[in-house]
Amino acid sequence: MNCSISGVVPEDPVVSKKSGLLFEKRLIERHIVDYGKCPVTGEPLTVDDIVPIKTGKIVKPRSLQAASIPGLLGMFQNEWDSLMLSNFALEQQLHTARQELSHALYQHDAACRVIARIKMERDEARSLLAQAERQIPTSVPTAVSGNATTLSNGKRASEYEDLGPEGKKIRPGIALEIIDELTECNAALSQQRKKRQISPTLVPVDALERYTQISSHPLHKTNKPGIVSMDIQYSQDIIATGGVDASAVLFDRPSGQIVSTLSGHSKKVTSVKFVAQGDLVLTGSADKTVRIWQGSEDGNYDCRHILKDHNAEVQAVTVHATNKYFVTASLDNSWTFYDLSSGLCMAQVAEDSESGGYTSAAFHPDGLILGTGTSQSLVKIWDVKSQANVAKFEGHTGPVTAISFSENGYFLATAAHDGVKLWDLRKLRNFRTFESYDSDTPTNSVEFDFSGCYLAVASSDIRVYQVANVKSEWNCIRTLPDLSGTGKATCVKFGPDAKYLAVGSMDRNLRIFGLPGNDGSLES
C-alpha cells in the first residue's frame with residue numbers, strides 16, 4: 001500500500017479515520033499544520049483524526065539497474081560522465097571570468113592614469129592663472145579709470161569658474177601638499193611650545209595694575225564714528241583699525257603718525273589683520289568682500305585682490321601660522337580657506353543647518369584647528385585638514401562676538417552678550433564664566449596676550465585678568481573705563497610684551513593704556 005501523498009510505501013504509515021486513506025505520518029502532520037484539511041478529500045482534518053498502523057519492516061525494492069553488477073557499473077559511469085561535464089563547464093566559466101576581470105583591471109588602470117594626467121594639467125593651468133592674476137594689477141596702466149576694480153576671484157573672474165549642480169562654484173580643495181605643509185607647521189609649533197618660556201621683558205602684574213590712558217588718537221571720520229576691529233603688527237609696532245566709515249587706518253604708535261589709510265570698501269570694515277611676514281594687510285567688510293593690500297616703497301598700500309566669494313557680510317578674517325593662508329567667515333553660514341599669494345579660494349565650507357551665520361573666527365596657534373562663533377550662540381571647532389566639524393560648545397546667549405586661543409594651546413576664550421566663557425580644549429568643557437557686568441552692553445572683544453599670561457575683555461569697560469589654570473581663580477587685576485562716552489568698547493589688543501593696551505570704541509579715537517609717563521614703546 002502506498003502513501004496517498006508521496007505515492008511510495010510509507011515508513012511510518014497512518015490512516016485517516018474520516019476518509020480511510022493511508023499517509024506517511026510526517027507528511028500528513030505537516031499538511032494538517034499548514035492547511036488543517038485532508039489533501040485528497042478536502043475535509044477538515046486534525047492530528048487526532050489519524051491513527052498509526054503497525055506493520056512489519058518494509059524493504060524497498062532495488063531498481064533494475066542496481067540489481068546487477070553491470071547495471072551498477074553503468075550507473076556509476078553515467079554519474080562520472082555528468083560530473084566531468086559539469087567540471088568542464090565550471091572551468092570554462094572560470095576562464096571567461098578571469099579574462100573579463102583582467103580586461104576590467106586594465107581599463108581601470110588606464111582610466112586612473114588619464115585622470116592623474118588631467119588633474120596635473122588642471123593644477124598647472126590654475127597655477128598659471130594665479131600667476132597671471134598676481135601680475136595683472138601691477139601691469140595695468142595708471143590711466144585706467146578709478147571705477148575699474150582689481151581682477152580677482154570676484155564677478156569678473158567667476159566667468160571662468162566651474163559651477164556645480166546648484167549653481168555653486170566648484171572649489172579645487174586644499175591640496176595634499178598644503179595639508180602636509182600645515183601638518184609640518186603644526187608639529188614644529190607644538191614642539192616649540194613645549195620649550196616655550198615666558199619672556200623676561202613681559203610686563204609684571206604690579207605694573208599692569210597701574211595702567212591708565214596715556215594717549216588718544218582720532219583716526220576715523222567724524223560723520224561715521226566707530227572703531228569695530230583692530231590688529232597690531234608687533235615687529236614694527238603698527239596698529240591697524242577698521243572703522244564704521246568703511247576705511248582701515250594704519251597707525252605708527254611710537255611716532256603717533258598715520259602711516260596709510262586703506263579706502264575701497266563701501267561699508268564698515270568688520271575685520272582687519274596683519275600678515276606677520278611681509279607688508280600685507282587683510283580687511284573684511286560688511287560689503288561682502290575681502291581685500292588684500294600690499295605695501296609699497298613709498299609707504300602706501302595698494303589693493304592686490306578683491307575677493308567676492310561670500311554673499312553676506314564678512315565678519316572675521318584670521319591668518320594661518322604659516323602666513324601663507326587665511327580664512328574668512330561670513331553671515332552667509334560659510335567659512336572660506338584662501339591662498340594668500342594668489343587670492344585663490346581653495347575651499348568653502350557651508351552648512352545647511354540652522355546654526356546661523358558666522359560672527360567670529362580664529363586659528364589655533366598650531367594652525368590645524370579653526371574656531372568659529374555663530375549668530376545662534378554656538379562655538380564650533382573645525383579640523384582644517386578635513387574641513388570637518390569636530391566639536392560644538394553651547395551655553396552662550398546672543399551672537400558669539402569674539403574668539404581667542406591662548407598660546408598654551410588648550411585654553412579658548414569666547415565672548416557673547418552674556419559675557420566670556422573659558423573652555424578647556426583637552427576635555428571639551430567650559431570651566432569658567434565671566435558674566436557680563438552690564439546687561440545692556442554685550443561683550444564685544446576678548447583677547448589673550450601673546451605670552452598667554454593675561455586676558456583682556458572689552459564691554460562697557462575694559463577688564464584685564466591674570467590667567468591661571470583650570471582649578472585656580474582668574475583674578476581681575478585691572479579695570480579701565482571706556483573714556484569714549486559711548487559706553488561701548490568694541491575691541492582690545494595687547495601690545496608687545498603687554499607693554500600697553502590698544503582699545504577701540506564707538507567714537508573715532510584709538511586709545512592707548514599703559515604706565516603713566518611711559519609711551520609703552522618696546523625696550524631695546
# chains A, B, ... in the order shown; residues from 1 in each chain; ligands from 1

call {"tool": "residues_around", "arguments": {"residues": "A:Ile53", "least_positions_apart": "2", "cutoff": "7 Å", "atoms": "only C-alpha atoms", "output": "list in words"}}
result
Pro13, Val14, Val51 and Thr55 of chain A

call {"tool": "write_last_selection", "arguments": {"atoms": "N, CA and C atoms", "output": "short mmCIF file (atom, residue, chain, number, x, y, z; two decimals), in the first residue's frame"}}
result
data_model
loop_
_atom_site.label_atom_id
_atom_site.label_comp_id
_atom_site.auth_asym_id
_atom_site.auth_seq_id
_atom_site.Cartn_x
_atom_site.Cartn_y
_atom_site.Cartn_z
N PRO A 13 3.37 4.47 8.58
CA PRO A 13 2.04 4.68 8.00
C PRO A 13 1.01 5.07 9.05
N VAL A 14 0.08 5.93 8.64
CA VAL A 14 -1.08 6.29 9.44
C VAL A 14 -2.29 6.30 8.51
N VAL A 51 -4.73 7.69 12.67
CA VAL A 51 -4.42 6.54 13.55
C VAL A 51 -3.19 5.84 12.98
N THR A 55 3.03 -2.18 11.19
CA THR A 55 3.37 -3.06 10.07
C THR A 55 4.74 -3.66 10.30
#

call {"tool": "select_by_dssp", "arguments": {"residues": "stretch 319-382 of chain A", "states": "strand (DSSP E or B)", "output": "PDB file with all heavy atoms, in the first residue's frame"}}
result
ATOM      1  N   VAL A 319      44.512  84.720  10.011  1.00  0.00           N
ATOM      2  CA  VAL A 319      45.671  84.309   9.218  1.00  0.00           C
ATOM      3  C   VAL A 319      46.298  83.068   9.850  1.00  0.00           C
ATOM      4  O   VAL A 319      46.445  82.986  11.071  1.00  0.00           O
ATOM      5  CB  VAL A 319      46.709  85.444   9.129  1.00  0.00           C
ATOM      6  CG1 VAL A 319      47.906  85.020   8.284  1.00  0.00           C
ATOM      7  CG2 VAL A 319      46.067  86.698   8.529  1.00  0.00           C
ATOM      8  N   TYR A 325      48.316  81.326   4.221  1.00  0.00           N
ATOM      9  CA  TYR A 325      46.899  81.049   4.008  1.00  0.00           C
ATOM     10  C   TYR A 325      46.076  81.816   5.042  1.00  0.00           C
ATOM     11  O   TYR A 325      46.579  82.195   6.104  1.00  0.00           O
ATOM     12  CB  TYR A 325      46.618  79.543   4.124  1.00  0.00           C
ATOM     13  CG  TYR A 325      47.590  78.696   3.346  1.00  0.00           C
ATOM     14  CD1 TYR A 325      48.659  78.067   3.978  1.00  0.00           C
ATOM     15  CD2 TYR A 325      47.466  78.553   1.974  1.00  0.00           C
ATOM     16  CE1 TYR A 325      49.575  77.324   3.267  1.00  0.00           C
ATOM     17  CE2 TYR A 325      48.375  77.804   1.251  1.00  0.00           C
ATOM     18  CZ  TYR A 325      49.434  77.196   1.906  1.00  0.00           C
ATOM     19  OH  TYR A 325      50.332  76.461   1.184  1.00  0.00           O
ATOM     20  N   PHE A 326      44.808  82.035   4.725  1.00  0.00           N
ATOM     21  CA  PHE A 326      43.930  82.697   5.673  1.00  0.00           C
ATOM     22  C   PHE A 326      42.504  82.216   5.463  1.00  0.00           C
ATOM     23  O   PHE A 326      42.169  81.618   4.435  1.00  0.00           O
ATOM     24  CB  PHE A 326      44.023  84.227   5.563  1.00  0.00           C
ATOM     25  CG  PHE A 326      43.487  84.798   4.279  1.00  0.00           C
ATOM     26  CD1 PHE A 326      42.195  85.299   4.200  1.00  0.00           C
ATOM     27  CD2 PHE A 326      44.290  84.867   3.139  1.00  0.00           C
ATOM     28  CE1 PHE A 326      41.694  85.836   3.019  1.00  0.00           C
ATOM     29  CE2 PHE A 326      43.809  85.400   1.951  1.00  0.00           C
ATOM     30  CZ  PHE A 326      42.504  85.893   1.901  1.00  0.00           C
ATOM     31  N   VAL A 327      41.670  82.472   6.470  1.00  0.00           N
ATOM     32  CA  VAL A 327      40.276  82.041   6.457  1.00  0.00           C
ATOM     33  C   VAL A 327      39.381  83.247   6.702  1.00  0.00           C
ATOM     34  O   VAL A 327      39.713  84.125   7.508  1.00  0.00           O
ATOM     35  CB  VAL A 327      40.019  80.952   7.526  1.00  0.00           C
ATOM     36  CG1 VAL A 327      38.536  80.811   7.836  1.00  0.00           C
ATOM     37  CG2 VAL A 327      40.571  79.619   7.059  1.00  0.00           C
ATOM     38  N   THR A 328      38.258  83.297   6.000  1.00  0.00           N
ATOM     39  CA  THR A 328      37.243  84.321   6.231  1.00  0.00           C
ATOM     40  C   THR A 328      35.948  83.641   6.667  1.00  0.00           C
ATOM     41  O   THR A 328      35.654  82.521   6.256  1.00  0.00           O
ATOM     42  CB  THR A 328      36.982  85.137   4.952  1.00  0.00           C
ATOM     43  OG1 THR A 328      36.470  84.262   3.935  1.00  0.00           O
ATOM     44  CG2 THR A 328      38.266  85.790   4.462  1.00  0.00           C
ATOM     45  N   ALA A 329      35.191  84.314   7.511  1.00  0.00           N
ATOM     46  CA  ALA A 329      33.906  83.792   7.993  1.00  0.00           C
ATOM     47  C   ALA A 329      32.831  84.838   7.749  1.00  0.00           C
ATOM     48  O   ALA A 329      33.064  86.041   7.926  1.00  0.00           O
ATOM     49  CB  ALA A 329      33.989  83.441   9.476  1.00  0.00           C
ATOM     50  N   SER A 330      31.642  84.377   7.358  1.00  0.00           N
ATOM     51  CA  SER A 330      30.601  85.301   6.917  1.00  0.00           C
ATOM     52  C   SER A 330      29.248  84.918   7.487  1.00  0.00           C
ATOM     53  O   SER A 330      29.023  83.787   7.931  1.00  0.00           O
ATOM     54  CB  SER A 330      30.529  85.317   5.379  1.00  0.00           C
ATOM     55  OG  SER A 330      29.375  85.981   4.919  1.00  0.00           O
ATOM     56  N   SER A 334      29.057  80.333   5.976  1.00  0.00           N
ATOM     57  CA  SER A 334      30.182  79.616   5.386  1.00  0.00           C
ATOM     58  C   SER A 334      31.491  80.254   5.830  1.00  0.00           C
ATOM     59  O   SER A 334      31.538  81.439   6.159  1.00  0.00           O
ATOM     60  CB  SER A 334      30.100  79.616   3.850  1.00  0.00           C
ATOM     61  OG  SER A 334      30.397  80.910   3.332  1.00  0.00           O
ATOM     62  N   TRP A 335      32.546  79.433   5.856  1.00  0.00           N
ATOM     63  CA  TRP A 335      33.901  79.957   6.014  1.00  0.00           C
ATOM     64  C   TRP A 335      34.751  79.456   4.857  1.00  0.00           C
ATOM     65  O   TRP A 335      34.505  78.382   4.318  1.00  0.00           O
ATOM     66  CB  TRP A 335      34.509  79.596   7.374  1.00  0.00           C
ATOM     67  CG  TRP A 335      34.638  78.131   7.687  1.00  0.00           C
ATOM     68  CD1 TRP A 335      33.758  77.356   8.351  1.00  0.00           C
ATOM     69  CD2 TRP A 335      35.761  77.275   7.379  1.00  0.00           C
ATOM     70  NE1 TRP A 335      34.232  76.070   8.467  1.00  0.00           N
ATOM     71  CE2 TRP A 335      35.453  75.989   7.887  1.00  0.00           C
ATOM     72  CE3 TRP A 335      36.969  77.468   6.715  1.00  0.00           C
ATOM     73  CZ2 TRP A 335      36.332  74.910   7.756  1.00  0.00           C
ATOM     74  CZ3 TRP A 335      37.836  76.389   6.591  1.00  0.00           C
ATOM     75  CH2 TRP A 335      37.511  75.134   7.112  1.00  0.00           C
ATOM     76  N   THR A 336      35.736  80.259   4.475  1.00  0.00           N
ATOM     77  CA  THR A 336      36.465  80.025   3.237  1.00  0.00           C
ATOM     78  C   THR A 336      37.959  80.034   3.497  1.00  0.00           C
ATOM     79  O   THR A 336      38.459  80.889   4.228  1.00  0.00           O
ATOM     80  CB  THR A 336      36.108  81.099   2.198  1.00  0.00           C
ATOM     81  OG1 THR A 336      34.677  81.153   2.047  1.00  0.00           O
ATOM     82  CG2 THR A 336      36.720  80.786   0.855  1.00  0.00           C
ATOM     83  N   PHE A 337      38.665  79.069   2.885  1.00  0.00           N
ATOM     84  CA  PHE A 337      40.117  78.924   3.026  1.00  0.00           C
ATOM     85  C   PHE A 337      40.785  79.452   1.756  1.00  0.00           C
ATOM     86  O   PHE A 337      40.474  78.999   0.653  1.00  0.00           O
ATOM     87  CB  PHE A 337      40.466  77.453   3.253  1.00  0.00           C
ATOM     88  CG  PHE A 337      41.914  77.191   3.560  1.00  0.00           C
ATOM     89  CD1 PHE A 337      42.357  77.131   4.864  1.00  0.00           C
ATOM     90  CD2 PHE A 337      42.829  76.999   2.531  1.00  0.00           C
ATOM     91  CE1 PHE A 337      43.689  76.881   5.149  1.00  0.00           C
ATOM     92  CE2 PHE A 337      44.159  76.754   2.799  1.00  0.00           C
ATOM     93  CZ  PHE A 337      44.594  76.691   4.115  1.00  0.00           C
ATOM     94  N   TYR A 338      41.697  80.411   1.911  1.00  0.00           N
ATOM     95  CA  TYR A 338      42.338  81.076   0.767  1.00  0.00           C
ATOM     96  C   TYR A 338      43.849  80.864   0.771  1.00  0.00           C
ATOM     97  O   TYR A 338      44.471  80.725   1.833  1.00  0.00           O
ATOM     98  CB  TYR A 338      42.104  82.594   0.815  1.00  0.00           C
ATOM     99  CG  TYR A 338      40.708  83.046   0.486  1.00  0.00           C
ATOM    100  CD1 TYR A 338      39.802  83.336   1.497  1.00  0.00           C
ATOM    101  CD2 TYR A 338      40.295  83.212  -0.827  1.00  0.00           C
ATOM    102  CE1 TYR A 338      38.514  83.782   1.212  1.00  0.00           C
ATOM    103  CE2 TYR A 338      39.019  83.653  -1.135  1.00  0.00           C
ATOM    104  CZ  TYR A 338      38.139  83.934  -0.110  1.00  0.00           C
ATOM    105  OH  TYR A 338      36.879  84.369  -0.398  1.00  0.00           O
ATOM    106  N   ASP A 339      44.408  80.890  -0.455  1.00  0.00           N
ATOM    107  CA  ASP A 339      45.847  81.018  -0.627  1.00  0.00           C
ATOM    108  C   ASP A 339      46.179  82.503  -0.659  1.00  0.00           C
ATOM    109  O   ASP A 339      45.611  83.258  -1.453  1.00  0.00           O
ATOM    110  CB  ASP A 339      46.293  80.346  -1.921  1.00  0.00           C
ATOM    111  CG  ASP A 339      47.760  80.572  -2.206  1.00  0.00           C
ATOM    112  OD1 ASP A 339      48.601  80.079  -1.440  1.00  0.00           O
ATOM    113  OD2 ASP A 339      48.067  81.279  -3.193  1.00  0.00           O
ATOM    114  N   CYS A 345      40.506  81.005  -3.826  1.00  0.00           N
ATOM    115  CA  CYS A 345      39.632  80.327  -2.861  1.00  0.00           C
ATOM    116  C   CYS A 345      39.783  78.828  -3.059  1.00  0.00           C
ATOM    117  O   CYS A 345      39.372  78.284  -4.074  1.00  0.00           O
ATOM    118  CB  CYS A 345      38.183  80.761  -3.065  1.00  0.00           C
ATOM    119  SG  CYS A 345      37.007  79.858  -2.053  1.00  0.00           S
ATOM    120  N   MET A 346      40.377  78.153  -2.091  1.00  0.00           N
ATOM    121  CA  MET A 346      40.666  76.728  -2.233  1.00  0.00           C
ATOM    122  C   MET A 346      39.543  75.855  -1.678  1.00  0.00           C
ATOM    123  O   MET A 346      39.338  74.741  -2.139  1.00  0.00           O
ATOM    124  CB  MET A 346      41.989  76.399  -1.548  1.00  0.00           C
ATOM    125  CG  MET A 346      43.107  77.331  -1.947  1.00  0.00           C
ATOM    126  SD  MET A 346      44.705  76.825  -1.334  1.00  0.00           S
ATOM    127  CE  MET A 346      45.006  75.422  -2.378  1.00  0.00           C
ATOM    128  N   ALA A 347      38.843  76.331  -0.659  1.00  0.00           N
ATOM    129  CA  ALA A 347      37.753  75.543  -0.076  1.00  0.00           C
ATOM    130  C   ALA A 347      36.763  76.493   0.577  1.00  0.00           C
ATOM    131  O   ALA A 347      37.170  77.471   1.212  1.00  0.00           O
ATOM    132  CB  ALA A 347      38.284  74.539   0.945  1.00  0.00           C
ATOM    133  N   GLN A 348      35.495  76.212   0.405  1.00  0.00           N
ATOM    134  CA  GLN A 348      34.440  76.975   1.059  1.00  0.00           C
ATOM    135  C   GLN A 348      33.503  75.995   1.747  1.00  0.00           C
ATOM    136  O   GLN A 348      32.875  75.164   1.109  1.00  0.00           O
ATOM    137  CB  GLN A 348      33.667  77.843   0.062  1.00  0.00           C
ATOM    138  CG  GLN A 348      32.678  78.796   0.741  1.00  0.00           C
ATOM    139  CD  GLN A 348      32.179  79.890  -0.192  1.00  0.00           C
ATOM    140  OE1 GLN A 348      32.339  79.802  -1.400  1.00  0.00           O
ATOM    141  NE2 GLN A 348      31.593  80.933   0.358  1.00  0.00           N
ATOM    142  N   VAL A 349      33.457  76.094   3.076  1.00  0.00           N
ATOM    143  CA  VAL A 349      32.684  75.147   3.891  1.00  0.00           C
ATOM    144  C   VAL A 349      31.393  75.832   4.296  1.00  0.00           C
ATOM    145  O   VAL A 349      31.406  76.819   5.038  1.00  0.00           O
ATOM    146  CB  VAL A 349      33.479  74.702   5.132  1.00  0.00           C
ATOM    147  CG1 VAL A 349      32.662  73.714   5.962  1.00  0.00           C
ATOM    148  CG2 VAL A 349      34.806  74.080   4.715  1.00  0.00           C
ATOM    149  N   ALA A 350      30.283  75.314   3.798  1.00  0.00           N
ATOM    150  CA  ALA A 350      28.968  75.883   4.097  1.00  0.00           C
ATOM    151  C   ALA A 350      28.109  74.820   4.753  1.00  0.00           C
ATOM    152  O   ALA A 350      28.177  73.639   4.394  1.00  0.00           O
ATOM    153  CB  ALA A 350      28.289  76.390   2.818  1.00  0.00           C
ATOM    154  N   TYR A 358      28.247  82.940  10.566  1.00  0.00           N
ATOM    155  CA  TYR A 358      29.426  83.028  11.424  1.00  0.00           C
ATOM    156  C   TYR A 358      29.718  84.492  11.764  1.00  0.00           C
ATOM    157  O   TYR A 358      29.729  85.357  10.890  1.00  0.00           O
ATOM    158  CB  TYR A 358      30.624  82.380  10.741  1.00  0.00           C
ATOM    159  CG  TYR A 358      30.444  80.898  10.541  1.00  0.00           C
ATOM    160  CD1 TYR A 358      30.283  80.355   9.264  1.00  0.00           C
ATOM    161  CD2 TYR A 358      30.401  80.038  11.624  1.00  0.00           C
ATOM    162  CE1 TYR A 358      30.098  78.996   9.079  1.00  0.00           C
ATOM    163  CE2 TYR A 358      30.211  78.676  11.453  1.00  0.00           C
ATOM    164  CZ  TYR A 358      30.065  78.165  10.186  1.00  0.00           C
ATOM    165  OH  TYR A 358      29.864  76.822  10.017  1.00  0.00           O
ATOM    166  N   THR A 359      29.968  84.743  13.036  1.00  0.00           N
ATOM    167  CA  THR A 359      30.203  86.102  13.512  1.00  0.00           C
ATOM    168  C   THR A 359      31.628  86.306  14.008  1.00  0.00           C
ATOM    169  O   THR A 359      32.020  87.437  14.284  1.00  0.00           O
ATOM    170  CB  THR A 359      29.231  86.422  14.657  1.00  0.00           C
ATOM    171  OG1 THR A 359      29.302  85.382  15.649  1.00  0.00           O
ATOM    172  CG2 THR A 359      27.803  86.500  14.137  1.00  0.00           C
ATOM    173  N   SER A 360      32.414  85.246  14.123  1.00  0.00           N
ATOM    174  CA  SER A 360      33.807  85.362  14.574  1.00  0.00           C
ATOM    175  C   SER A 360      34.551  84.110  14.148  1.00  0.00           C
ATOM    176  O   SER A 360      33.945  83.065  13.906  1.00  0.00           O
ATOM    177  CB  SER A 360      33.879  85.537  16.094  1.00  0.00           C
ATOM    178  OG  SER A 360      33.178  84.501  16.754  1.00  0.00           O
ATOM    179  N   ALA A 361      35.883  84.218  14.068  1.00  0.00           N
ATOM    180  CA  ALA A 361      36.716  83.079  13.684  1.00  0.00           C
ATOM    181  C   ALA A 361      38.147  83.338  14.112  1.00  0.00           C
ATOM    182  O   ALA A 361      38.599  84.495  14.149  1.00  0.00           O
ATOM    183  CB  ALA A 361      36.652  82.813  12.178  1.00  0.00           C
ATOM    184  N   ALA A 362      38.869  82.265  14.449  1.00  0.00           N
ATOM    185  CA  ALA A 362      40.280  82.379  14.832  1.00  0.00           C
ATOM    186  C   ALA A 362      40.955  81.036  14.656  1.00  0.00           C
ATOM    187  O   ALA A 362      40.360  79.987  14.936  1.00  0.00           O
ATOM    188  CB  ALA A 362      40.427  82.859  16.271  1.00  0.00           C
ATOM    189  N   PHE A 363      42.205  81.062  14.167  1.00  0.00           N
ATOM    190  CA  PHE A 363      43.020  79.853  14.082  1.00  0.00           C
ATOM    191  C   PHE A 363      43.611  79.532  15.453  1.00  0.00           C
ATOM    192  O   PHE A 363      43.961  80.430  16.223  1.00  0.00           O
ATOM    193  CB  PHE A 363      44.171  80.044  13.090  1.00  0.00           C
ATOM    194  CG  PHE A 363      43.845  79.665  11.676  1.00  0.00           C
ATOM    195  CD1 PHE A 363      43.805  80.621  10.679  1.00  0.00           C
ATOM    196  CD2 PHE A 363      43.597  78.342  11.340  1.00  0.00           C
ATOM    197  CE1 PHE A 363      43.523  80.272   9.364  1.00  0.00           C
ATOM    198  CE2 PHE A 363      43.310  77.982  10.038  1.00  0.00           C
ATOM    199  CZ  PHE A 363      43.265  78.945   9.052  1.00  0.00           C
ATOM    200  N   ILE A 369      43.545  73.656  13.779  1.00  0.00           N
ATOM    201  CA  ILE A 369      42.200  73.793  14.338  1.00  0.00           C
ATOM    202  C   ILE A 369      41.706  75.210  14.070  1.00  0.00           C
ATOM    203  O   ILE A 369      42.456  76.173  14.205  1.00  0.00           O
ATOM    204  CB  ILE A 369      42.194  73.502  15.851  1.00  0.00           C
ATOM    205  CG1 ILE A 369      42.527  72.030  16.106  1.00  0.00           C
ATOM    206  CG2 ILE A 369      40.835  73.815  16.466  1.00  0.00           C
ATOM    207  CD1 ILE A 369      42.619  71.680  17.571  1.00  0.00           C
ATOM    208  N   LEU A 370      40.440  75.310  13.678  1.00  0.00           N
ATOM    209  CA  LEU A 370      39.803  76.608  13.455  1.00  0.00           C
ATOM    210  C   LEU A 370      38.592  76.706  14.377  1.00  0.00           C
ATOM    211  O   LEU A 370      37.789  75.779  14.458  1.00  0.00           O
ATOM    212  CB  LEU A 370      39.358  76.737  11.997  1.00  0.00           C
ATOM    213  CG  LEU A 370      38.570  78.010  11.640  1.00  0.00           C
ATOM    214  CD1 LEU A 370      39.497  79.218  11.657  1.00  0.00           C
ATOM    215  CD2 LEU A 370      37.891  77.866  10.277  1.00  0.00           C
ATOM    216  N   GLY A 371      38.490  77.823  15.082  1.00  0.00           N
ATOM    217  CA  GLY A 371      37.319  78.075  15.919  1.00  0.00           C
ATOM    218  C   GLY A 371      36.432  79.126  15.280  1.00  0.00           C
ATOM    219  O   GLY A 371      36.917  80.140  14.765  1.00  0.00           O
ATOM    220  N   THR A 372      35.118  78.885  15.286  1.00  0.00           N
ATOM    221  CA  THR A 372      34.170  79.855  14.734  1.00  0.00           C
ATOM    222  C   THR A 372      33.017  80.050  15.718  1.00  0.00           C
ATOM    223  O   THR A 372      32.635  79.125  16.437  1.00  0.00           O
ATOM    224  CB  THR A 372      33.577  79.370  13.387  1.00  0.00           C
ATOM    225  OG1 THR A 372      32.927  78.111  13.575  1.00  0.00           O
ATOM    226  CG2 THR A 372      34.661  79.243  12.332  1.00  0.00           C
ATOM    227  N   GLY A 373      32.498  81.260  15.745  1.00  0.00           N
ATOM    228  CA  GLY A 373      31.317  81.573  16.533  1.00  0.00           C
ATOM    229  C   GLY A 373      30.170  81.934  15.617  1.00  0.00           C
ATOM    230  O   GLY A 373      30.374  82.520  14.541  1.00  0.00           O
ATOM    231  N   THR A 374      28.952  81.604  16.023  1.00  0.00           N
ATOM    232  CA  THR A 374      27.792  81.822  15.167  1.00  0.00           C
ATOM    233  C   THR A 374      26.837  82.833  15.790  1.00  0.00           C
ATOM    234  O   THR A 374      26.926  83.154  16.977  1.00  0.00           O
ATOM    235  CB  THR A 374      27.029  80.510  14.910  1.00  0.00           C
ATOM    236  OG1 THR A 374      26.312  80.147  16.104  1.00  0.00           O
ATOM    237  CG2 THR A 374      27.979  79.395  14.540  1.00  0.00           C
ATOM    238  N   VAL A 379      29.594  77.767  19.432  1.00  0.00           N
ATOM    239  CA  VAL A 379      31.020  77.810  19.136  1.00  0.00           C
ATOM    240  C   VAL A 379      31.369  76.476  18.479  1.00  0.00           C
ATOM    241  O   VAL A 379      31.098  75.409  19.037  1.00  0.00           O
ATOM    242  CB  VAL A 379      31.863  78.019  20.402  1.00  0.00           C
ATOM    243  CG1 VAL A 379      33.350  78.007  20.054  1.00  0.00           C
ATOM    244  CG2 VAL A 379      31.486  79.319  21.084  1.00  0.00           C
ATOM    245  N   LYS A 380      31.944  76.532  17.278  1.00  0.00           N
ATOM    246  CA  LYS A 380      32.262  75.316  16.531  1.00  0.00           C
ATOM    247  C   LYS A 380      33.767  75.215  16.329  1.00  0.00           C
ATOM    248  O   LYS A 380      34.429  76.201  16.006  1.00  0.00           O
ATOM    249  CB  LYS A 380      31.555  75.315  15.168  1.00  0.00           C
ATOM    250  CG  LYS A 380      30.029  75.292  15.267  1.00  0.00           C
ATOM    251  CD  LYS A 380      29.401  75.158  13.889  1.00  0.00           C
ATOM    252  CE  LYS A 380      27.872  75.062  14.004  1.00  0.00           C
ATOM    253  NZ  LYS A 380      27.261  74.877  12.672  1.00  0.00           N
ATOM    254  N   ILE A 381      34.276  73.997  16.519  1.00  0.00           N
ATOM    255  CA  ILE A 381      35.685  73.716  16.321  1.00  0.00           C
ATOM    256  C   ILE A 381      35.814  72.839  15.079  1.00  0.00           C
ATOM    257  O   ILE A 381      35.128  71.819  14.949  1.00  0.00           O
ATOM    258  CB  ILE A 381      36.293  73.008  17.554  1.00  0.00           C
ATOM    259  CG1 ILE A 381      36.023  73.828  18.825  1.00  0.00           C
ATOM    260  CG2 ILE A 381      37.783  72.786  17.353  1.00  0.00           C
ATOM    261  CD1 ILE A 381      36.636  75.215  18.816  1.00  0.00           C
ATOM    262  N   TRP A 382      36.728  73.234  14.168  1.00  0.00           N
ATOM    263  CA  TRP A 382      36.877  72.550  12.881  1.00  0.00           C
ATOM    264  C   TRP A 382      38.282  71.982  12.733  1.00  0.00           C
ATOM    265  O   TRP A 382      39.262  72.577  13.183  1.00  0.00           O
ATOM    266  CB  TRP A 382      36.629  73.520  11.730  1.00  0.00           C
ATOM    267  CG  TRP A 382      35.288  74.180  11.754  1.00  0.00           C
ATOM    268  CD1 TRP A 382      34.923  75.292  12.470  1.00  0.00           C
ATOM    269  CD2 TRP A 382      34.121  73.784  11.032  1.00  0.00           C
ATOM    270  NE1 TRP A 382      33.607  75.604  12.245  1.00  0.00           N
ATOM    271  CE2 TRP A 382      33.082  74.696  11.361  1.00  0.00           C
ATOM    272  CE3 TRP A 382      33.845  72.753  10.143  1.00  0.00           C
ATOM    273  CZ2 TRP A 382      31.810  74.596  10.824  1.00  0.00           C
ATOM    274  CZ3 TRP A 382      32.577  72.656   9.605  1.00  0.00           C
ATOM    275  CH2 TRP A 382      31.578  73.567   9.945  1.00  0.00           C
TER     276      TRP A 382
END

call {"tool": "residues_around", "arguments": {"residues": "stretch 246-259 of chain A", "least_positions_apart": "4", "cutoff": "7 Å", "atoms": "only C-alpha atoms", "output": "PyMOL selection string"}}
result
chain A and resi 219+237-242+263+265-269+299+521

call {"tool": "closest_residue", "arguments": {"among": "A:Gly226, A:Pro365, A:Pro442, A:Pro39", "to": "A:Ala402", "atoms": "only C-alpha atoms"}}
result
A:Pro442

call {"tool": "atom_distance", "arguments": {"atom1": "atom CA of A:Phe274", "atom2": "atom CA of A:Glu124"}}
result
29.7 Å

call {"tool": "residues_around", "arguments": {"residues": "A:Ser377", "least_positions_apart": "6", "cutoff": "12 Å", "atoms": "only C-alpha atoms", "output": "NGL selection string"}}
result
:A and (354-360 or 392-402 or 414-419 or 421)

call {"tool": "closest_residue", "arguments": {"among": "A:Ser296, A:Asn78, A:Ser229, A:Gln236", "to": "A:Leu282", "atoms": "only C-alpha atoms"}}
result
A:Ser229

call {"tool": "atom_distance", "arguments": {"atom1": "atom CA of A:Ala388", "atom2": "atom CA of A:Asn408"}}
result
23.4 Å

call {"tool": "residues_around", "arguments": {"residues": "A:Val314", "least_positions_apart": "2", "cutoff": "7 Å", "atoms": "only C-alpha atoms", "output": "tab-separated table (two decimals) with C-alpha atoms, in the first residue's frame"}}
result
chain	number	residue	atom	x	y	z
A	284	GLY	CA	36.91	92.09	5.64
A	285	SER	CA	33.81	94.22	5.30
A	286	ALA	CA	30.05	94.29	5.59
A	288	LYS	CA	30.59	91.08	1.45
A	289	THR	CA	34.18	91.42	0.18
A	312	ALA	CA	26.63	88.18	3.08
A	316	ALA	CA	36.05	87.74	10.53
A	328	THR	CA	37.24	84.32	6.23
A	329	ALA	CA	33.91	83.79	7.99
A	330	SER	CA	30.60	85.30	6.92
A	331	LEU	CA	26.96	85.63	7.85
